[in-house]
Structures are given as C-alpha cells and as structure tokens.
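Here's coords.tsv, which has TSV, C-alpha atoms:
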```tsv
chain	number	residue	atom	x	y	z
A	1	MET	CA	14.65	-0.24	43.68
A	2	ASN	CA	14.74	2.23	40.82
A	3	ASP	CA	11.32	1.97	39.19
A	4	ILE	CA	9.37	5.18	38.53
A	5	ILE	CA	5.96	3.46	38.68
A	6	ILE	CA	6.60	1.94	42.11
A	7	LYS	CA	8.03	5.22	43.44
A	8	ASN	CA	5.05	7.31	42.33
A	9	ILE	CA	2.45	4.77	43.50
A	10	THR	CA	4.20	4.64	46.89
A	11	ARG	CA	4.24	8.42	47.11
A	12	ILE	CA	0.46	8.48	46.50
A	13	ILE	CA	-0.46	5.56	48.77
A	14	ILE	CA	1.55	6.40	51.92
A	15	PRO	CA	-0.45	9.49	53.11
A	16	PHE	CA	-3.77	7.65	52.80
A	17	ALA	CA	-2.50	4.58	54.65
A	18	GLN	CA	-1.02	6.71	57.43
A	19	MET	CA	-4.26	8.68	57.74
A	20	TYR	CA	-6.16	5.38	58.06
A	21	GLY	CA	-3.77	4.25	60.79
A	22	ILE	CA	-4.24	7.51	62.72
A	23	PHE	CA	-8.02	7.12	62.35
A	24	ILE	CA	-7.88	3.59	63.79
A	25	ILE	CA	-5.72	4.75	66.72
A	26	LEU	CA	-7.92	7.72	67.61
A	27	ASN	CA	-11.16	5.70	67.32
A	28	GLY	CA	-9.72	2.80	69.30
A	29	HIS	CA	-12.11	3.12	72.23
A	30	ILE	CA	-15.38	3.50	70.29
A	31	SER	CA	-14.89	1.26	67.25
A	32	PRO	CA	-12.91	-1.85	66.24
A	33	GLY	CA	-9.16	-1.34	66.14
A	34	GLY	CA	-6.97	0.34	68.67
A	35	GLY	CA	-3.37	1.23	69.32
A	36	PHE	CA	-1.85	-2.06	68.21
A	37	ALA	CA	-3.65	-2.38	64.86
A	38	GLY	CA	-3.24	1.29	63.93
A	39	GLY	CA	0.41	1.33	64.95
A	40	ALA	CA	1.05	-1.75	62.84
A	41	ILE	CA	-0.51	-0.04	59.81
A	42	ILE	CA	1.61	3.12	60.24
A	43	GLY	CA	4.72	0.95	60.76
A	44	THR	CA	3.95	-0.92	57.53
A	45	THR	CA	3.89	2.35	55.59
A	46	LEU	CA	7.32	3.28	56.99
A	47	ILE	CA	8.66	-0.16	56.01
A	48	LEU	CA	7.25	0.37	52.50
A	49	TYR	CA	9.05	3.73	52.29
A	50	THR	CA	12.34	2.12	53.33
A	51	LEU	CA	11.87	-0.72	50.81
A	52	VAL	CA	11.17	1.58	47.87
A	53	PHE	CA	13.45	4.59	48.47
A	54	GLY	CA	16.38	2.77	50.07
A	55	ARG	CA	17.88	2.55	53.53
A	56	GLU	CA	19.60	5.95	53.47
A	57	LYS	CA	16.43	7.94	52.75
A	58	GLY	CA	14.51	5.81	55.22
A	59	LYS	CA	17.13	6.61	57.85
A	60	LYS	CA	16.58	10.32	57.18
A	61	LYS	CA	12.81	9.97	57.75
A	62	PHE	CA	12.97	7.76	60.83
A	63	SER	CA	16.44	7.49	62.32
A	64	HIS	CA	17.62	5.07	65.00
A	65	LYS	CA	17.77	7.91	67.55
A	66	MET	CA	14.15	8.86	66.85
A	67	SER	CA	13.14	5.21	67.10
A	68	GLU	CA	14.78	4.96	70.53
A	69	ILE	CA	13.04	8.10	71.79
A	70	SER	CA	9.59	7.17	70.50
A	71	GLU	CA	9.85	3.56	71.65
A	72	SER	CA	10.68	4.58	75.21
A	73	GLY	CA	8.40	7.63	75.13
A	74	GLY	CA	5.30	5.67	74.11
A	75	ILE	CA	5.55	3.26	76.99
A	76	MET	CA	6.55	6.05	79.39
A	77	LEU	CA	3.32	7.88	78.47
A	78	PHE	CA	1.40	4.71	79.38
A	79	VAL	CA	3.19	4.31	82.71
A	80	ILE	CA	2.87	8.00	83.66
A	81	ILE	CA	-0.87	7.98	82.98
A	82	GLY	CA	-1.15	4.81	85.06
A	83	MET	CA	0.84	6.43	87.87
A	84	ILE	CA	-1.49	9.46	87.92
A	85	GLY	CA	-4.37	7.06	88.58
A	86	MET	CA	-2.26	5.37	91.25
A	87	ILE	CA	-1.67	8.69	93.06
A	88	THR	CA	-5.25	9.97	92.89
A	89	ALA	CA	-7.22	6.75	93.46
A	90	GLY	CA	-4.75	4.24	94.88
A	91	ALA	CA	-4.65	1.66	92.08
A	92	PHE	CA	-2.63	1.48	88.87
A	93	LEU	CA	-4.63	2.72	85.83
A	94	SER	CA	-7.66	3.95	87.83
A	95	ASN	CA	-9.74	5.66	85.18
A	96	LEU	CA	-12.92	7.46	86.21
A	97	SER	CA	-12.38	7.07	89.95
A	98	GLY	CA	-8.99	8.75	89.48
A	99	GLY	CA	-10.61	11.99	88.36
A	100	PHE	CA	-10.41	11.69	84.57
A	101	PRO	CA	-13.46	13.20	82.77
A	102	GLN	CA	-15.92	10.72	81.32
A	103	GLY	CA	-17.22	12.77	78.37
A	104	GLN	CA	-20.11	12.02	76.05
A	105	LEU	CA	-20.62	8.41	74.94
A	106	GLY	CA	-19.58	7.85	71.33
A	107	GLU	CA	-17.34	10.91	70.93
A	108	ILE	CA	-13.57	10.95	70.42
A	109	LEU	CA	-12.89	12.68	73.75
A	110	SER	CA	-14.61	10.19	76.04
A	111	GLY	CA	-13.78	7.26	78.25
A	112	GLY	CA	-11.28	9.01	80.52
A	113	PHE	CA	-7.64	8.37	79.57
A	114	ILE	CA	-8.23	5.53	77.08
A	115	PRO	CA	-7.50	7.71	73.96
A	116	ILE	CA	-4.18	8.84	75.49
A	117	LEU	CA	-3.20	5.23	76.21
A	118	MET	CA	-4.09	4.31	72.61
A	119	ILE	CA	-1.80	7.07	71.29
A	120	GLY	CA	1.04	5.81	73.50
A	121	ILE	CA	0.60	2.20	72.35
A	122	GLY	CA	0.40	3.36	68.72
A	123	ILE	CA	3.71	5.25	68.92
A	124	LYS	CA	5.38	2.27	70.59
A	125	VAL	CA	4.14	-0.31	68.05
A	126	THR	CA	5.04	1.93	65.08
A	127	SER	CA	8.64	2.34	66.15
A	128	THR	CA	8.90	-1.35	67.08
A	129	MET	CA	7.82	-2.44	63.58
A	130	ILE	CA	10.24	-0.12	61.78
A	131	SER	CA	13.17	-0.94	64.07
A	132	LEU	CA	12.59	-4.72	63.68
A	133	PHE	CA	12.83	-4.31	59.91
A	134	ASN	CA	15.85	-1.99	60.10
A	135	LEU	CA	17.74	-4.40	62.36
A	136	LEU	CA	17.15	-7.25	59.88
A	137	ILE	CA	18.25	-5.08	56.92
A	138	ASP	CA	21.39	-3.68	58.58
A	139	GLU	CA	22.80	-7.08	59.52
A	140	GLU	CA	25.43	-8.24	57.04
A	141	LYS	CA	24.91	-11.32	54.90
A	142	LEU	CA	25.73	-14.61	56.58
B	1	MET	CA	-23.53	-18.54	55.57
B	2	VAL	CA	-22.36	-21.80	57.13
B	3	TYR	CA	-21.28	-23.09	53.70
B	4	ILE	CA	-19.04	-20.05	53.17
B	5	ASN	CA	-17.34	-20.72	56.51
B	6	VAL	CA	-16.83	-24.40	55.65
B	7	PHE	CA	-15.38	-23.48	52.25
B	8	ILE	CA	-12.99	-20.96	53.85
B	9	ILE	CA	-11.84	-23.45	56.47
B	10	ILE	CA	-11.16	-26.11	53.81
B	11	PHE	CA	-9.11	-23.51	51.90
B	12	LEU	CA	-7.17	-22.69	55.08
B	13	ILE	CA	-6.39	-26.37	55.73
B	14	ILE	CA	-5.16	-26.89	52.17
B	15	CYS	CA	-3.04	-23.72	52.43
B	16	ALA	CA	-1.47	-24.83	55.72
B	17	LEU	CA	-0.62	-28.30	54.33
B	18	ALA	CA	0.89	-26.70	51.21
B	19	ILE	CA	3.08	-24.40	53.33
B	20	GLY	CA	4.53	-27.46	55.03
B	21	LYS	CA	5.11	-29.37	51.77
B	22	ILE	CA	6.52	-26.68	49.45
B	23	LYS	CA	10.30	-26.48	48.88
B	24	ASP	CA	10.47	-22.93	47.52
B	25	LEU	CA	10.57	-20.64	50.55
B	26	ILE	CA	9.36	-17.51	48.74
B	27	GLY	CA	6.36	-19.53	47.55
B	28	ALA	CA	5.78	-20.59	51.14
B	29	VAL	CA	5.72	-16.95	52.28
B	30	VAL	CA	3.26	-16.01	49.53
B	31	LEU	CA	1.05	-18.95	50.56
B	32	PHE	CA	1.27	-17.82	54.18
B	33	SER	CA	0.22	-14.31	53.14
B	34	ALA	CA	-2.82	-15.74	51.32
B	35	TYR	CA	-3.60	-17.83	54.40
B	36	SER	CA	-3.54	-14.70	56.59
B	37	LEU	CA	-5.75	-12.72	54.22
B	38	VAL	CA	-8.41	-15.47	54.07
B	39	MET	CA	-8.11	-15.92	57.83
B	40	SER	CA	-8.89	-12.22	58.31
B	41	ILE	CA	-12.03	-12.63	56.16
B	42	LEU	CA	-13.00	-15.57	58.38
B	43	TRP	CA	-12.53	-13.42	61.51
B	44	LEU	CA	-14.78	-10.78	59.94
B	45	LEU	CA	-17.48	-13.40	59.23
B	46	LEU	CA	-17.20	-14.59	62.84
B	47	ASN	CA	-18.06	-11.04	64.06
B	48	SER	CA	-14.68	-9.99	65.38
B	49	PRO	CA	-13.56	-7.06	63.20
B	50	ASP	CA	-10.88	-6.05	65.71
B	51	VAL	CA	-8.94	-9.28	65.23
B	52	ALA	CA	-9.56	-9.06	61.47
B	53	ILE	CA	-7.85	-5.65	61.22
B	54	THR	CA	-4.89	-6.88	63.27
B	55	GLU	CA	-4.59	-10.10	61.26
B	56	ALA	CA	-4.64	-8.21	57.94
B	57	ALA	CA	-1.99	-5.74	59.12
B	58	ILE	CA	0.34	-8.12	60.98
B	59	GLY	CA	-0.21	-11.48	59.29
B	60	ALA	CA	-0.43	-10.40	55.67
B	61	GLY	CA	1.75	-7.30	55.87
B	62	VAL	CA	4.55	-7.16	58.41
B	63	THR	CA	5.21	-10.90	58.82
B	64	SER	CA	5.63	-11.46	55.07
B	65	ILE	CA	8.06	-8.55	54.78
B	66	LEU	CA	10.11	-9.83	57.72
B	67	PHE	CA	10.18	-13.34	56.22
B	68	PHE	CA	11.32	-11.92	52.87
B	69	ALA	CA	14.08	-9.98	54.63
B	70	VAL	CA	15.24	-13.18	56.34
B	71	ILE	CA	15.13	-15.18	53.07
B	72	SER	CA	17.23	-12.51	51.36
B	73	LYS	CA	19.93	-13.18	53.97
B	74	THR	CA	19.91	-16.98	53.46
B	75	LYS	CA	19.00	-19.34	50.60
B	76	ARG	CA	15.78	-19.46	48.63
B	77	TYR	CA	15.35	-23.24	48.28
B	78	GLU	CA	15.00	-25.78	51.05
B	79	LYS	CA	17.35	-28.75	50.78
```

Starting from the file, lay out its structure as structure tokens.
Amino acid sequence: MNDIIIKNITRIIIPFAQMYGIFIILNGHISPGGGFAGGAIIGTTLILYTLVFGREKGKKKFSHKMSEISESGGIMLFVIIGMIGMITAGAFLSNLSGGFPQGQLGEILSGGFIPILMIGIGIKVTSTMISLFNLLIDEEKL
Amino acid sequence: MVYINVFIIIFLIICALAIGKIKDLIGAVVLFSAYSLVMSILWLLLNSPDVAITEAAIGAGVTSILFFAVISKTKRYEK
C-alpha cells in the first residue's frame, strides 16, 4: 500500500494504541482487561504495521525468530512462576501462601504474582496474533 | 434502559440473518465487524467491561483482518 495519508496516520496511531495495550496489561488485576485483551490490542497494531508498510518491513520489526522466542518465553514465564509456588507451598500457582508479597490494595504492585502472569500472557497473545497473520500472508495463492 | 437493550438485540438478529443471506463475502465480513462492535456495546450495557474490551479487540479487529486475508487467497463471491 503506497498511500502517504495512510502511512502517516498509521505512524501517529500505533504508539498510542500500543501504550493503551500496555496499560490494559499492567492494570489487569485491578481493573477490567488483562493479559489477553491487552495482548490482542498490541498484536492488532503489529498487524496494522505489516498491512501498511509491507511484509518485508514488518519482518524487520517482528521476525519469525523473535515470534518463536516470545511465544515460548511468555508461556515459560507462566509455568516457572507456577513452579515456584509449587516448590514453596506444594500446589501449582500458590500465590500468597507461596511467599509472594501481597502489597497495597489498588496499586500496580499488588496481588502477589498476578501482574507477572499478566505480562507473560500478554507477550504470548501478541506473538500469537502476529504469527497467525504472517502465516496466512506467506502462504502462496491457491 | 431495557428498550435500548431490546433495540440492540433486534439489530444483532437482523445482522446475523444478513450475514447468512449475503453473497458478497467482503460484505459479510463488514457486517460481522458491525455485529461485533454492537455486541461489545451490549456487553458494556450488561456490566461486563472485560468481555467488551476483548470483543472489540478480537471480534471487530483481528477476526475481520484474518477473514480478509483468507478472502484475498480465494474468491470474493459465493456461488
């Protein structure tokens, strides 16, 4: 797509949309939203970038290798945090009984490990969205 | 408030029937996107903003783009 209006509007919109997605992920445990919704929003901005600037530039921003690493890393973060609870308290994903700090109610750093889990889910969903779209685009025409 | 909900649900039913009837597949995807957007407003009115955010991001955003990508690989009109 070679339209200057669409390119400039995209360049302006993408930082705001990504900031909104990060806000939803980080506030997942004290307000509506969470890892899935915020990750979907960030993934949509990456899809928009690939649509407007072409597959080659999109590959430079978010390559297949990076998608592999972040997709496995997000879920590994979840499992490792769960395993820490398993070691300290005896059950998978034990939160406060596993020794995680509770914090003040209503602040970002509260609720034990829930913010860390939200970040892991957000990374996973973001890379899943962009790799779904890239797989569909890369396939040759039937 | 109840009348707004009834109006939205009637709109959703008409939208869903139109998606089944229409022959132009790009038109069907646009109708589906409108369906998702109005559905997210309905979720917000039913006091579940969490589902509303997810519906607006997934239903109206990602799903439409994926459907467009699939249509670009095949034909636009249904036989």

Could you give me, as CSV, a per-residue list for chain B showing, wherever an atom lies at most 10 Å from an atom of chain A, the closest pair of atoms and their distance in Å to one decimal, using all atoms listed in the file and sorting by chain then residue number from low to high?
```
residue,atom,partner,partner_atom,distance
B:Ser48,CA,A:Pro32,CA,8.4
B:Pro49,CA,A:Pro32,CA,6.1
B:Asp50,CA,A:Pro32,CA,4.7
B:Val51,CA,A:Gly33,CA,8.0
B:Ala52,CA,A:Gly33,CA,9.0
B:Ile53,CA,A:Ala37,CA,6.4
B:Thr54,CA,A:Ala37,CA,4.9
B:Glu55,CA,A:Ala37,CA,8.6
B:Ala56,CA,A:Ala37,CA,9.1
B:Ala57,CA,A:Ile41,CA,5.9
B:Ile58,CA,A:Ala40,CA,6.7
B:Gly61,CA,A:Thr44,CA,6.9
B:Val62,CA,A:Thr44,CA,6.3
B:Ile65,CA,A:Phe133,CA,8.2
B:Leu66,CA,A:Phe133,CA,6.5
B:Phe67,CA,A:Leu136,CA,10.0
B:Ala69,CA,A:Leu136,CA,6.7
B:Val70,CA,A:Leu136,CA,7.2
B:Ser72,CA,A:Lys141,CA,8.5
B:Lys73,CA,A:Lys141,CA,5.4
B:Thr74,CA,A:Leu142,CA,7.0
```

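Note that the spacing between atom CA of Ser127 of chain A and atom CA of Ile25 of chain A amounts to 14.6 Å.
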
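Take atom CA of Gly54 of chain A and atom CA of Asp138 of chain A: the distance between them is 11.8 Å.
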
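With only C-alpha atoms taken into account, the protein and nucleic acid residues at most 7 Å from segment 32-41 of chain B (excluding it and anything under 3 positions from it in its own chain) are Leu12, Cys15, Ile19, Ala28, Val29, Leu44, Leu45, Ala52, Glu55, Ala56, Gly59, Ala60 and Ser64 of chain B.
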
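Taking atom CA of Pro115 of chain A as the reference point, atom CA of Glu71 of chain A is found at 18.0 Å.
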
Just give me the residues with any atom within 8 Å of (-9.0, 8.2, 91.5), file coordinates, counting all atoms listed in the file, written as a JSON list (two decimals) with C-alpha atoms, keeping the file's coordinate frame.
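Listed below is the output, result.json:
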```json
[["chain", "number", "residue", "atom", "x", "y", "z"],
["A", 85, "GLY", "CA", -4.37, 7.06, 88.58],
["A", 86, "MET", "CA", -2.26, 5.37, 91.25],
["A", 87, "ILE", "CA", -1.67, 8.69, 93.06],
["A", 88, "THR", "CA", -5.25, 9.97, 92.89],
["A", 89, "ALA", "CA", -7.22, 6.75, 93.46],
["A", 90, "GLY", "CA", -4.75, 4.24, 94.88],
["A", 91, "ALA", "CA", -4.65, 1.66, 92.08],
["A", 94, "SER", "CA", -7.66, 3.95, 87.83],
["A", 95, "ASN", "CA", -9.74, 5.66, 85.18],
["A", 96, "LEU", "CA", -12.92, 7.46, 86.21],
["A", 97, "SER", "CA", -12.38, 7.07, 89.95],
["A", 98, "GLY", "CA", -8.99, 8.75, 89.48],
["A", 99, "GLY", "CA", -10.61, 11.99, 88.36],
["A", 100, "PHE", "CA", -10.41, 11.69, 84.57]]
```
